[in-house]
$ cat run_27.csv   # CSV, C-alpha atoms
chain,number,residue,atom,x,y,z
H,8,MET,CA,117.1,143.0,181.6
H,9,ARG,CA,115.0,143.3,178.4
H,10,ALA,CA,116.2,141.2,175.5
H,11,ARG,CA,116.8,143.2,172.3
H,12,THR,CA,114.2,142.9,169.6
H,13,VAL,CA,115.5,141.4,166.3
H,14,GLY,CA,116.7,144.3,164.2
H,15,GLU,CA,116.5,146.8,167.0
H,16,PRO,CA,119.7,149.0,167.1
H,17,TRP,CA,122.0,148.8,170.1
H,18,HIS,CA,121.1,152.2,171.5
H,19,LEU,CA,117.4,151.4,171.8
H,20,SER,CA,118.0,148.4,174.0
H,21,SER,CA,118.7,148.3,177.7
H,22,GLN,CA,121.5,145.9,177.3
H,23,SER,CA,124.9,147.2,178.3
H,24,GLU,CA,126.4,146.5,174.8
H,25,LYS,CA,129.2,149.0,174.2
H,26,PRO,CA,128.8,150.7,170.9
H,27,PRO,CA,131.8,151.5,168.7
H,28,GLU,CA,133.1,155.0,169.0
H,29,ASP,CA,130.9,157.4,166.8
H,30,PRO,CA,130.0,154.7,164.3
H,31,TYR,CA,127.8,156.8,162.1
H,32,SER,CA,130.0,159.8,161.5
H,33,ILE,CA,130.8,160.3,157.8
H,34,ALA,CA,133.6,162.8,157.7
H,35,VAL,CA,135.2,163.9,154.4
H,36,ASP,CA,138.0,166.4,154.3
H,37,GLY,CA,137.0,167.7,157.7
H,38,ARG,CA,133.3,168.1,156.8
H,39,GLU,CA,130.7,166.0,158.7
H,40,LEU,CA,128.1,164.7,156.3
H,41,ASN,CA,126.0,163.1,159.0
H,42,PRO,CA,125.8,165.8,161.7
H,43,ASP,CA,122.6,164.4,163.2
H,44,ARG,CA,124.2,160.9,163.4
H,45,GLN,CA,121.4,159.2,161.6
H,46,VAL,CA,121.8,155.5,162.1
H,47,LEU,CA,123.4,154.0,159.0
H,48,GLY,CA,124.5,150.6,160.1
H,49,ASN,CA,125.5,149.4,156.7
H,50,SER,CA,129.1,150.4,156.1
H,51,GLN,CA,128.6,150.2,152.4
H,52,VAL,CA,125.9,152.9,152.6
H,53,ARG,CA,128.2,155.2,154.6
H,54,GLU,CA,131.1,154.6,152.2
H,55,ASN,CA,128.9,155.4,149.2
H,56,VAL,CA,127.4,158.5,150.8
H,57,ALA,CA,131.0,159.8,151.2
H,58,LYS,CA,131.8,158.8,147.6
H,59,LEU,CA,128.7,160.6,146.3
H,60,TYR,CA,129.8,163.8,148.1
H,61,GLU,CA,133.3,163.5,146.7
H,62,ASN,CA,131.9,163.0,143.2
H,63,ILE,CA,129.7,166.1,143.5
H,64,VAL,CA,132.7,168.1,144.7
H,65,LYS,CA,134.7,166.9,141.7
H,66,GLU,CA,131.8,167.8,139.3
H,67,VAL,CA,131.3,171.3,140.6
H,68,GLY,CA,134.8,172.1,141.6
H,69,ASN,CA,134.0,173.3,145.2
H,70,SER,CA,132.1,172.2,148.3
H,71,ASP,CA,129.8,175.2,148.6
H,72,PHE,CA,126.6,173.3,148.7
H,73,THR,CA,124.4,171.6,151.2
H,74,PHE,CA,124.9,167.9,151.7
H,75,GLN,CA,123.5,166.2,154.8
H,76,VAL,CA,122.1,162.8,155.7
H,77,THR,CA,118.6,163.3,157.0
H,78,GLY,CA,117.3,159.7,157.1
H,79,GLY,CA,118.7,156.2,157.7
H,80,ASP,CA,117.9,152.8,159.0
H,81,ARG,CA,114.5,151.7,160.3
H,82,TYR,CA,113.1,148.6,162.0
H,83,VAL,CA,109.8,147.0,162.6
H,84,ASP,CA,108.8,146.9,166.3
H,85,PRO,CA,107.0,143.9,167.9
H,86,ALA,CA,103.6,145.6,167.2
H,87,GLY,CA,104.5,145.9,163.5
H,88,ASN,CA,105.2,149.7,163.5
H,89,ILE,CA,108.0,151.0,161.3
H,90,ARG,CA,110.4,153.0,163.5
H,91,SER,CA,113.4,155.1,162.9
H,92,SER,CA,116.6,153.5,164.3
H,93,THR,CA,117.8,157.0,165.1
H,94,THR,CA,114.9,158.4,167.1
H,95,GLY,CA,112.7,155.3,167.8
H,96,GLU,CA,109.7,157.3,166.5
H,97,THR,CA,107.3,155.8,164.0
H,98,VAL,CA,108.0,156.9,160.4
H,99,ALA,CA,105.3,158.5,158.3
H,100,ASP,CA,104.8,157.3,154.8
H,101,ALA,CA,107.0,154.3,155.3
H,102,SER,CA,106.8,151.3,153.0
H,103,ARG,CA,106.7,147.9,154.5
H,104,THR,CA,109.4,146.8,152.0
H,105,SER,CA,111.6,149.9,152.3
H,106,PRO,CA,115.3,149.4,151.7
H,107,HIS,CA,115.7,151.6,154.8
H,108,LEU,CA,114.5,148.6,156.9
H,109,ILE,CA,117.3,146.5,158.5
H,110,SER,CA,115.3,143.4,157.4
H,111,ARG,CA,115.7,144.7,153.8
H,112,GLY,CA,119.4,145.3,154.1
H,113,ALA,CA,119.5,148.8,155.5
H,114,ARG,CA,120.6,149.9,152.0
H,115,ALA,CA,119.1,153.4,151.8
H,116,ALA,CA,119.9,156.9,152.9
H,117,ASP,CA,117.9,160.1,152.7
H,118,LEU,CA,120.0,163.2,151.8
H,119,ARG,CA,119.4,166.9,151.8
H,120,ILE,CA,121.3,168.3,148.8
H,121,ARG,CA,121.0,171.9,147.9
H,122,GLY,CA,122.9,174.2,145.6
H,123,VAL,CA,123.7,171.7,142.9
H,124,SER,CA,121.4,170.6,140.0
H,125,ASP,CA,119.7,167.2,140.0
H,126,ALA,CA,121.6,166.4,136.8
H,127,ILE,CA,125.0,166.8,138.5
H,128,VAL,CA,123.8,164.7,141.4
H,129,ASP,CA,122.6,162.0,139.0
H,130,ARG,CA,126.0,162.0,137.3
H,131,ALA,CA,127.7,161.7,140.6
H,132,ILE,CA,125.5,158.8,141.7
H,133,ARG,CA,126.6,156.9,138.6
H,134,GLY,CA,130.1,156.9,140.1
H,135,THR,CA,128.9,155.1,143.3
H,136,SER,CA,127.3,151.8,144.0
H,137,PHE,CA,123.9,153.4,144.5
H,138,LEU,CA,121.5,152.2,141.8
H,139,PRO,CA,120.5,155.2,139.6
H,140,ALA,CA,117.0,153.7,139.2
H,141,ASN,CA,116.6,153.8,143.0
H,142,THR,CA,117.1,157.6,143.2
H,143,VAL,CA,113.8,159.2,144.2
H,144,ARG,CA,112.8,162.9,144.5
H,145,GLY,CA,109.5,164.7,145.0
H,146,TYR,CA,109.1,164.3,148.7
H,147,PRO,CA,107.4,167.1,150.7
H,148,ASP,CA,110.7,167.8,152.6
H,149,LEU,CA,112.6,167.8,149.3
H,150,HIS,CA,115.1,165.1,150.3
H,151,THR,CA,116.7,162.7,147.8
H,152,HIS,CA,116.4,159.0,148.5
H,153,VAL,CA,119.3,156.8,147.4
H,154,ALA,CA,119.7,153.1,147.8
H,155,LEU,CA,122.1,150.3,147.0
H,156,PRO,CA,120.9,147.5,144.7
H,157,ASN,CA,118.6,144.8,146.1
H,158,ARG,CA,121.3,142.2,146.1
H,159,PRO,CA,122.6,140.1,149.0
H,160,GLU,CA,126.1,141.5,148.8
H,161,PHE,CA,124.8,145.0,149.6
H,162,TYR,CA,122.7,143.9,152.6
H,163,ILE,CA,123.9,144.9,156.1
H,164,ARG,CA,126.1,142.3,157.7
H,165,PRO,CA,125.0,141.1,161.1
H,166,ARG,CA,127.3,142.2,163.9
H,167,ARG,CA,129.4,139.3,165.3
H,168,ARG,CA,128.5,138.3,168.8
H,169,ARG,CA,131.1,137.1,171.2
H,170,ARG,CA,130.6,133.6,172.4
H,171,ARG,CA,130.3,133.3,176.1
H,172,THR,CA,132.0,130.3,177.7
H,173,PRO,CA,129.7,128.4,180.1
H,174,PRO,CA,130.9,128.9,183.7
H,175,GLY,CA,131.7,125.2,184.3
H,176,ARG,CA,133.8,124.9,181.2
H,177,ARG,CA,136.1,127.9,181.6
H,178,GLY,CA,139.7,127.2,180.8
H,179,ARG,CA,139.1,124.0,178.9
A,29,MET,CA,135.8,135.6,116.9
A,30,LYS,CA,137.9,134.4,113.9
A,31,VAL,CA,135.7,133.3,110.9
A,32,ARG,CA,137.6,130.5,109.1
A,33,SER,CA,135.3,129.4,106.3
A,34,PRO,CA,132.5,130.8,104.1
A,35,GLY,CA,130.1,128.3,105.7
A,36,MET,CA,130.8,129.7,109.1
A,37,LEU,CA,130.5,133.3,107.8
A,38,ILE,CA,126.9,132.4,106.6
A,39,LEU,CA,126.1,130.9,109.9
A,40,VAL,CA,127.3,134.0,111.8
A,41,ALA,CA,125.3,136.2,109.5
A,42,ILE,CA,122.1,134.1,110.1
A,43,LEU,CA,122.6,134.2,113.9
A,44,LEU,CA,123.1,138.0,113.9
A,45,THR,CA,120.0,138.6,111.7
A,46,THR,CA,117.8,136.3,113.8
A,47,SER,CA,118.9,137.8,117.1
A,48,ARG,CA,118.3,141.4,115.8
A,49,ALA,CA,114.8,140.4,114.7
A,50,VAL,CA,114.0,138.9,118.1
A,51,LEU,CA,115.2,142.1,119.8
A,52,ALA,CA,113.1,144.3,117.5
A,53,GLY,CA,109.9,142.4,118.6
A,54,ASP,CA,111.0,142.3,122.2
A,55,ASP,CA,109.1,145.3,123.6
A,56,GLN,CA,107.8,146.0,127.0
A,57,LEU,CA,104.2,146.7,125.9
A,58,PRO,CA,101.4,144.9,124.2
A,59,GLN,CA,100.8,146.0,120.6
A,60,LYS,CA,97.9,148.4,121.2
A,61,LEU,CA,99.7,150.2,124.0
A,62,ARG,CA,102.8,150.5,121.8
A,63,GLU,CA,100.7,152.3,119.2
A,64,LEU,CA,99.3,154.7,121.8
A,65,ARG,CA,102.9,155.2,123.0
A,66,THR,CA,103.9,156.3,119.6
A,67,GLN,CA,100.9,158.7,119.4
A,68,VAL,CA,102.1,160.5,122.5
A,69,GLY,CA,105.6,160.8,121.1
A,70,CYS,CA,107.2,158.4,123.6
A,71,GLY,CA,109.6,155.4,123.5
A,72,PRO,CA,110.3,152.4,125.8
A,73,VAL,CA,111.8,153.0,129.2
A,74,SER,CA,115.4,151.9,128.7
A,75,GLY,CA,116.7,149.2,131.0
A,76,PHE,CA,113.3,148.8,132.7
A,77,TYR,CA,113.9,145.1,133.6
A,78,ASP,CA,117.7,145.4,133.9
A,79,ARG,CA,117.7,145.8,137.7
A,80,PRO,CA,117.8,143.3,140.5
A,81,GLY,CA,114.9,141.9,142.5
A,82,MET,CA,111.2,141.8,141.6
A,83,VAL,CA,110.2,144.1,138.7
A,84,GLU,CA,106.5,144.2,137.8
A,85,PRO,CA,105.5,145.2,134.2
A,86,PRO,CA,105.5,148.8,133.1
A,87,TYR,CA,101.8,148.5,132.1
A,88,LEU,CA,98.6,147.6,133.7
A,89,TYR,CA,95.1,146.9,132.5
A,90,GLY,CA,92.0,147.9,134.4
A,91,TYR,CA,93.3,150.6,136.6
A,92,LEU,CA,89.8,152.1,136.8
A,93,PRO,CA,86.7,150.3,138.1
A,94,GLY,CA,84.8,148.4,135.4
A,95,GLY,CA,85.9,146.0,132.7
A,96,LYS,CA,89.6,145.2,132.7
A,97,GLU,CA,90.0,146.0,129.0
A,98,GLU,CA,88.4,149.4,129.3
A,99,SER,CA,91.3,151.2,130.9
A,100,ALA,CA,95.1,150.9,131.0
A,101,ALA,CA,98.2,152.7,132.2
A,102,PHE,CA,101.8,152.4,131.0
A,103,TRP,CA,105.2,154.1,131.5
A,104,CYS,CA,107.2,155.4,128.6
A,105,HIS,CA,110.2,157.7,128.1
A,106,ARG,CA,110.6,161.0,126.3
A,107,GLU,CA,114.2,161.8,125.4
A,108,GLY,CA,115.5,165.2,126.5
A,109,ALA,CA,112.5,166.2,128.6
A,110,GLU,CA,113.1,167.8,132.0
A,111,LYS,CA,110.7,165.1,133.4
A,112,PRO,CA,111.6,162.3,131.0
A,113,PHE,CA,109.3,159.6,132.2
A,114,VAL,CA,105.6,159.7,131.3
A,115,LEU,CA,102.7,157.8,132.8
A,116,VAL,CA,100.1,157.4,130.1
A,117,LEU,CA,96.5,156.8,131.1
A,118,VAL,CA,94.1,155.2,128.6
A,119,GLU,CA,90.3,154.8,128.7
A,120,LYS,CA,88.4,152.9,126.0
A,121,GLY,CA,91.4,152.8,123.7
A,122,ARG,CA,92.1,156.6,123.9
A,123,VAL,CA,94.8,158.4,125.8
A,124,THR,CA,93.0,160.5,128.5
A,125,SER,CA,95.9,161.9,130.5
A,126,THR,CA,99.7,161.9,130.7
A,127,ILE,CA,101.8,162.6,133.8
A,128,ALA,CA,105.4,163.7,133.2
A,129,TRP,CA,107.5,162.3,136.0
A,130,GLN,CA,111.1,162.8,137.2
A,131,ASN,CA,111.8,159.5,138.9
A,132,TYR,CA,112.7,156.3,137.1
A,133,PRO,CA,109.5,154.3,137.0
A,134,GLY,CA,108.6,151.2,138.9
A,135,GLY,CA,106.3,148.4,137.9
A,136,LEU,CA,102.5,149.1,137.9
A,137,SER,CA,99.9,147.4,140.0
A,138,LEU,CA,96.7,148.3,141.8
A,139,ASP,CA,96.8,149.4,145.5
A,140,ASP,CA,93.7,148.0,147.0
A,141,SER,CA,94.5,148.9,150.6
A,142,ALA,CA,91.7,150.5,152.7
A,143,PRO,CA,90.5,153.9,151.7
A,144,LEU,CA,93.3,156.5,152.0
A,145,ARG,CA,93.0,160.1,153.1
A,146,LEU,CA,93.5,162.4,150.1
A,147,SER,CA,95.1,164.9,152.4
A,148,ASP,CA,98.1,162.5,152.6
A,149,PHE,CA,98.5,163.0,148.8
A,150,ARG,CA,99.9,165.9,146.8
A,151,TYR,CA,98.8,167.3,143.5
A,152,VAL,CA,101.0,166.3,140.6
A,153,ASP,CA,100.7,169.7,139.0
A,154,LYS,CA,101.3,171.5,142.3
A,155,PRO,CA,103.3,169.3,144.7
A,156,GLU,CA,103.3,171.9,147.5
A,157,GLN,CA,99.5,171.6,147.7
A,158,ARG,CA,97.9,168.7,149.7
A,159,GLY,CA,94.8,166.9,148.5
A,160,PRO,CA,91.4,167.8,149.9
A,161,VAL,CA,90.7,167.3,153.6
A,162,ASP,CA,87.8,165.1,154.5
A,163,ALA,CA,88.0,163.1,151.3
A,164,LYS,CA,89.2,159.5,150.8
A,165,THR,CA,90.0,157.2,147.9
A,166,THR,CA,86.9,155.5,146.7
A,167,HIS,CA,88.7,153.0,144.4
A,168,PRO,CA,92.2,151.5,144.2
A,169,SER,CA,95.1,153.8,143.5
A,170,LEU,CA,97.5,153.1,140.7
A,171,ARG,CA,100.7,151.9,142.3
A,172,SER,CA,104.2,152.2,140.8
A,173,GLU,CA,106.8,150.3,142.8
A,174,TYR,CA,110.4,149.2,142.7
A,175,ASP,CA,112.6,148.0,145.6
A,176,GLY,CA,110.3,149.1,148.4
A,177,VAL,CA,109.7,152.7,147.0
A,178,ILE,CA,106.0,153.2,146.1
A,179,THR,CA,104.3,156.0,144.3
A,180,LEU,CA,100.5,156.0,144.4
A,181,PHE,CA,98.6,157.9,141.7
A,182,TYR,CA,95.0,158.8,142.2
A,183,HIS,CA,92.6,160.7,139.9
A,184,HIS,CA,90.2,163.0,141.9
A,185,GLY,CA,87.9,165.5,140.1
A,186,ASP,CA,89.9,166.6,137.1
A,187,ARG,CA,93.3,166.4,138.7
A,188,TRP,CA,95.9,163.8,139.6
A,189,LEU,CA,97.3,163.3,143.0
A,190,TYR,CA,100.4,161.3,144.1
A,191,ARG,CA,101.8,160.0,147.3
A,192,LEU,CA,105.4,158.7,147.9
A,193,LEU,CA,106.2,156.0,150.4
A,194,ASP,CA,109.6,154.5,151.1
$ encode --input "run_27.csv" --output "structure tokens"
Amino acid sequence: MRARTVGEPWHLSSQSEKPPEDPYSIAVDGRELNPDRQVLGNSQVRENVAKLYENIVKEVGNSDFTFQVTGGDRYVDPAGNIRSSTTGETVADASRTSPHLISRGARAADLRIRGVSDAIVDRAIRGTSFLPANTVRGYPDLHTHVALPNRPEFYIRPRRRRRRTPPGRRGR
Amino acid sequence: MKVRSPGMLILVAILLTTSRAVLAGDDQLPQKLRELRTQVGCGPVSGFYDRPGMVEPPYLYGYLPGGKEESAAFWCHREGAEKPFVLVLVEKGRVTSTIAWQNYPGGLSLDDSAPLRLSDFRYVDKPEQRGPVDAKTTHPSLRSEYDGVITLFYHHGDRWLYRLLD
């Protein structure tokens, strides 16, 4: 059995580690904000994506706009390539210090937001933990990049691993 | 704070005056660049250093090949503009270009990585258009970076190109 690479998400390894049930769903009032189940392992990112959506709804007074997660966590493979934790494919135009990287806290999400002005989205971001100075637009696919501040408390917390009791010591 | 005596009142007044004077001189740019910033109707980028992690300065000398003093670039802010941040490019003490930008700026440095394909860049004045095929950078790009998000700016012909990496 192949050992899992550091930072590699559970579903890309061959280990029979059981994932939690639908861990990357972000549902708000019956609307799924992450329909492609982009891997967002950092619960604070998921919570703040939901908060951002709620803030926009409050600002505009309805939910008649597009809001969808289009990008999430990444990892560096043993050859040094930056790969999407969702698809395992290499990511074009990836920065080696990107906040999408698990090693950099998995603090970022890419969002497709249409039908609301940038000014409204910017106001809504101020009501979340995403750092306004980290909001980036101008990508060819027109997504909006948001990220939590570069502080340890916003970094992804490693999953707890169960300790296995050595066979000869069972019951002691 | 409760001021109990005239002496303490004077001390508080001196402290307030001194701290305001310090703040007035506490700008993000060297003197000459500040003058150029005023010429282009711009002000400092508010809160530039007030964010966690490494923040490089909002200015850079020598972004073009040649003497370091002969070119410079800096970020500034124009209140009320649709694209409120402005990258100002300076050659031989004169402003040669300005780039209005939507995103909050990062610190400036030179990107001296291997020659990059210009077709991976987009034109600043027409983002839907890619840079020329079969052309590469011949000198370092200007790099604006904060928290792992990088914008490269490169002057080719008479137009500016950019590339976003995150």
$ atom_distance --input "run_27.csv" --atom1 "atom CA of Gly48 of chain H" --atom2 "atom CA of Val83 of chain H"
15.3 Å
$ interface_residues --input "run_27.csv" --of "chain A" --to "chain H" --cutoff "9 Å" --atoms "all atoms listed in the file" --output "PyMOL selection string"
chain A and resi 76+79-81+130-134+148+150+155-156+174-178+191-194
$ closest_residue --input "run_27.csv" --among "H:Ile109, H:Val56, H:Val67, H:Ile163" --to "Ile89 of chain H" --atoms "only C-alpha atoms"
H:Ile109
$ atom_distance --input "run_27.csv" --atom1 "atom CA of Ser50 of chain H" --atom2 "atom CA of Pro165 of chain H"
11.3 Å
$ atom_distance --input "run_27.csv" --atom1 "atom CA of Val114 of chain A" --atom2 "atom CA of Ala101 of chain A"
10.2 Å
$ residues_around --input "run_27.csv" --residues "Glu66 of chain H" --least-positions-apart "2" --cutoff "12 Å" --atoms "only C-alpha atoms" --output "list in words"
Leu59, Tyr60, Glu61, Asn62, Ile63, Val64, Gly68, Asn69, Ser70, Val123, Ser124, Ala126, Ile127, Val128, Asp129, Arg130, Ala131, Ile132 and Gly134 of chain H
$ write_last_selection --input "run_27.csv" --atoms "C-alpha atoms" --output "PDB file, in the coordinates of the input"
ATOM      1  CA  LEU H  59     128.700 160.600 146.300  1.00  0.00           C
ATOM      2  CA  TYR H  60     129.800 163.800 148.100  1.00  0.00           C
ATOM      3  CA  GLU H  61     133.300 163.500 146.700  1.00  0.00           C
ATOM      4  CA  ASN H  62     131.900 163.000 143.200  1.00  0.00           C
ATOM      5  CA  ILE H  63     129.700 166.100 143.500  1.00  0.00           C
ATOM      6  CA  VAL H  64     132.700 168.100 144.700  1.00  0.00           C
ATOM      7  CA  GLY H  68     134.800 172.100 141.600  1.00  0.00           C
ATOM      8  CA  ASN H  69     134.000 173.300 145.200  1.00  0.00           C
ATOM      9  CA  SER H  70     132.100 172.200 148.300  1.00  0.00           C
ATOM     10  CA  VAL H 123     123.700 171.700 142.900  1.00  0.00           C
ATOM     11  CA  SER H 124     121.400 170.600 140.000  1.00  0.00           C
ATOM     12  CA  ALA H 126     121.600 166.400 136.800  1.00  0.00           C
ATOM     13  CA  ILE H 127     125.000 166.800 138.500  1.00  0.00           C
ATOM     14  CA  VAL H 128     123.800 164.700 141.400  1.00  0.00           C
ATOM     15  CA  ASP H 129     122.600 162.000 139.000  1.00  0.00           C
ATOM     16  CA  ARG H 130     126.000 162.000 137.300  1.00  0.00           C
ATOM     17  CA  ALA H 131     127.700 161.700 140.600  1.00  0.00           C
ATOM     18  CA  ILE H 132     125.500 158.800 141.700  1.00  0.00           C
ATOM     19  CA  GLY H 134     130.100 156.900 140.100  1.00  0.00           C
TER      20      GLY H 134
END
$ residues_around --input "run_27.csv" --residues "Glu119 of chain A" --least-positions-apart "3" --cutoff "6 Å" --atoms "only C-alpha atoms" --output "PyMOL selection string"
chain A and resi 98-99+122
$ write_last_selection --input "run_27.csv" --atoms "C-alpha atoms" --output "compact mmCIF listing (two decimals), in the coordinates of the input"
# COMPACT_ATOMS: atom_id res chain seq x y z
CA GLU A 98 88.40 149.40 129.30
CA SER A 99 91.30 151.20 130.90
CA ARG A 122 92.10 156.60 123.90
$ closest_residue --input "run_27.csv" --among "A:Gly185, A:Gly135, A:Gly159, A:Pro143" --to "Tyr87 of chain A" --atoms "only C-alpha atoms"
A:Gly135
$ decode --input "run_27.csv" --residues "segment 83-150 of chain H" --atoms "C-alpha atoms" --output "short mmCIF file (atom, residue, chain, number, x, y, z; two decimals), in the first residue's frame"
data_model
loop_
_atom_site.label_atom_id
_atom_site.label_comp_id
_atom_site.auth_asym_id
_atom_site.auth_seq_id
_atom_site.Cartn_x
_atom_site.Cartn_y
_atom_site.Cartn_z
CA VAL H 83 2.95 20.04 -4.04
CA ASP H 84 3.64 16.57 -5.39
CA PRO H 85 6.99 14.79 -4.82
CA ALA H 86 8.24 16.11 -8.18
CA GLY H 87 7.52 19.68 -7.08
CA ASN H 88 4.44 20.22 -9.27
CA ILE H 89 1.51 22.14 -7.83
CA ARG H 90 -1.66 20.09 -8.15
CA SER H 91 -5.33 20.63 -7.44
CA SER H 92 -6.52 18.66 -4.41
CA THR H 93 -9.84 18.25 -6.24
CA THR H 94 -8.68 16.81 -9.55
CA GLY H 95 -5.03 15.95 -8.97
CA GLU H 96 -4.17 17.90 -12.14
CA THR H 97 -1.36 20.43 -12.29
CA VAL H 98 -2.57 24.00 -11.85
CA ALA H 99 -1.62 26.59 -14.48
CA ASP H 100 -0.36 29.97 -13.28
CA ALA H 101 0.11 28.68 -9.75
CA SER H 102 2.30 30.54 -7.30
CA ARG H 103 4.73 28.53 -5.18
CA THR H 104 3.61 30.50 -2.11
CA SER H 105 -0.10 30.47 -2.90
CA PRO H 106 -2.51 30.52 0.05
CA HIS H 107 -4.36 27.72 -1.82
CA LEU H 108 -1.51 25.39 -0.88
CA ILE H 109 -2.08 23.14 2.11
CA SER H 110 1.48 23.97 3.21
CA ARG H 111 0.47 27.66 3.27
CA GLY H 112 -2.65 27.02 5.31
CA ALA H 113 -5.22 26.19 2.60
CA ARG H 114 -6.65 29.64 3.27
CA ALA H 115 -7.97 30.56 -0.18
CA ALA H 116 -10.97 29.93 -2.40
CA ASP H 117 -11.79 30.93 -5.96
CA LEU H 118 -15.36 32.03 -6.55
CA ARG H 119 -17.52 32.65 -9.59
CA ILE H 120 -19.77 35.56 -8.67
CA ARG H 121 -21.99 37.08 -11.34
CA GLY H 122 -24.95 39.43 -11.18
CA VAL H 123 -23.68 41.62 -8.34
CA SER H 124 -21.24 44.51 -8.54
CA ASP H 125 -17.68 44.26 -7.28
CA ALA H 126 -18.45 47.07 -4.83
CA ILE H 127 -21.20 44.99 -3.19
CA VAL H 128 -18.95 41.94 -3.02
CA ASP H 129 -16.18 44.05 -1.48
CA ARG H 130 -18.57 45.36 1.19
CA ALA H 131 -19.74 41.82 1.90
CA ILE H 132 -16.14 40.61 2.23
CA ARG H 133 -15.56 43.20 4.97
CA GLY H 134 -18.11 41.31 7.07
CA THR H 135 -16.09 38.07 6.87
CA SER H 136 -12.63 37.00 8.02
CA PHE H 137 -11.31 37.16 4.44
CA LEU H 138 -8.71 39.92 4.21
CA PRO H 139 -9.96 42.65 1.80
CA ALA H 140 -6.37 43.21 0.61
CA ASN H 141 -6.31 39.56 -0.50
CA THR H 142 -9.25 39.94 -2.90
CA VAL H 143 -7.98 39.58 -6.46
CA ARG H 144 -9.81 39.96 -9.78
CA GLY H 145 -8.67 40.16 -13.39
CA TYR H 146 -8.13 36.47 -14.12
CA PRO H 147 -8.91 35.22 -17.63
CA ASP H 148 -11.80 33.08 -16.29
CA LEU H 149 -13.10 36.08 -14.32
CA HIS H 150 -13.06 34.36 -10.94
#
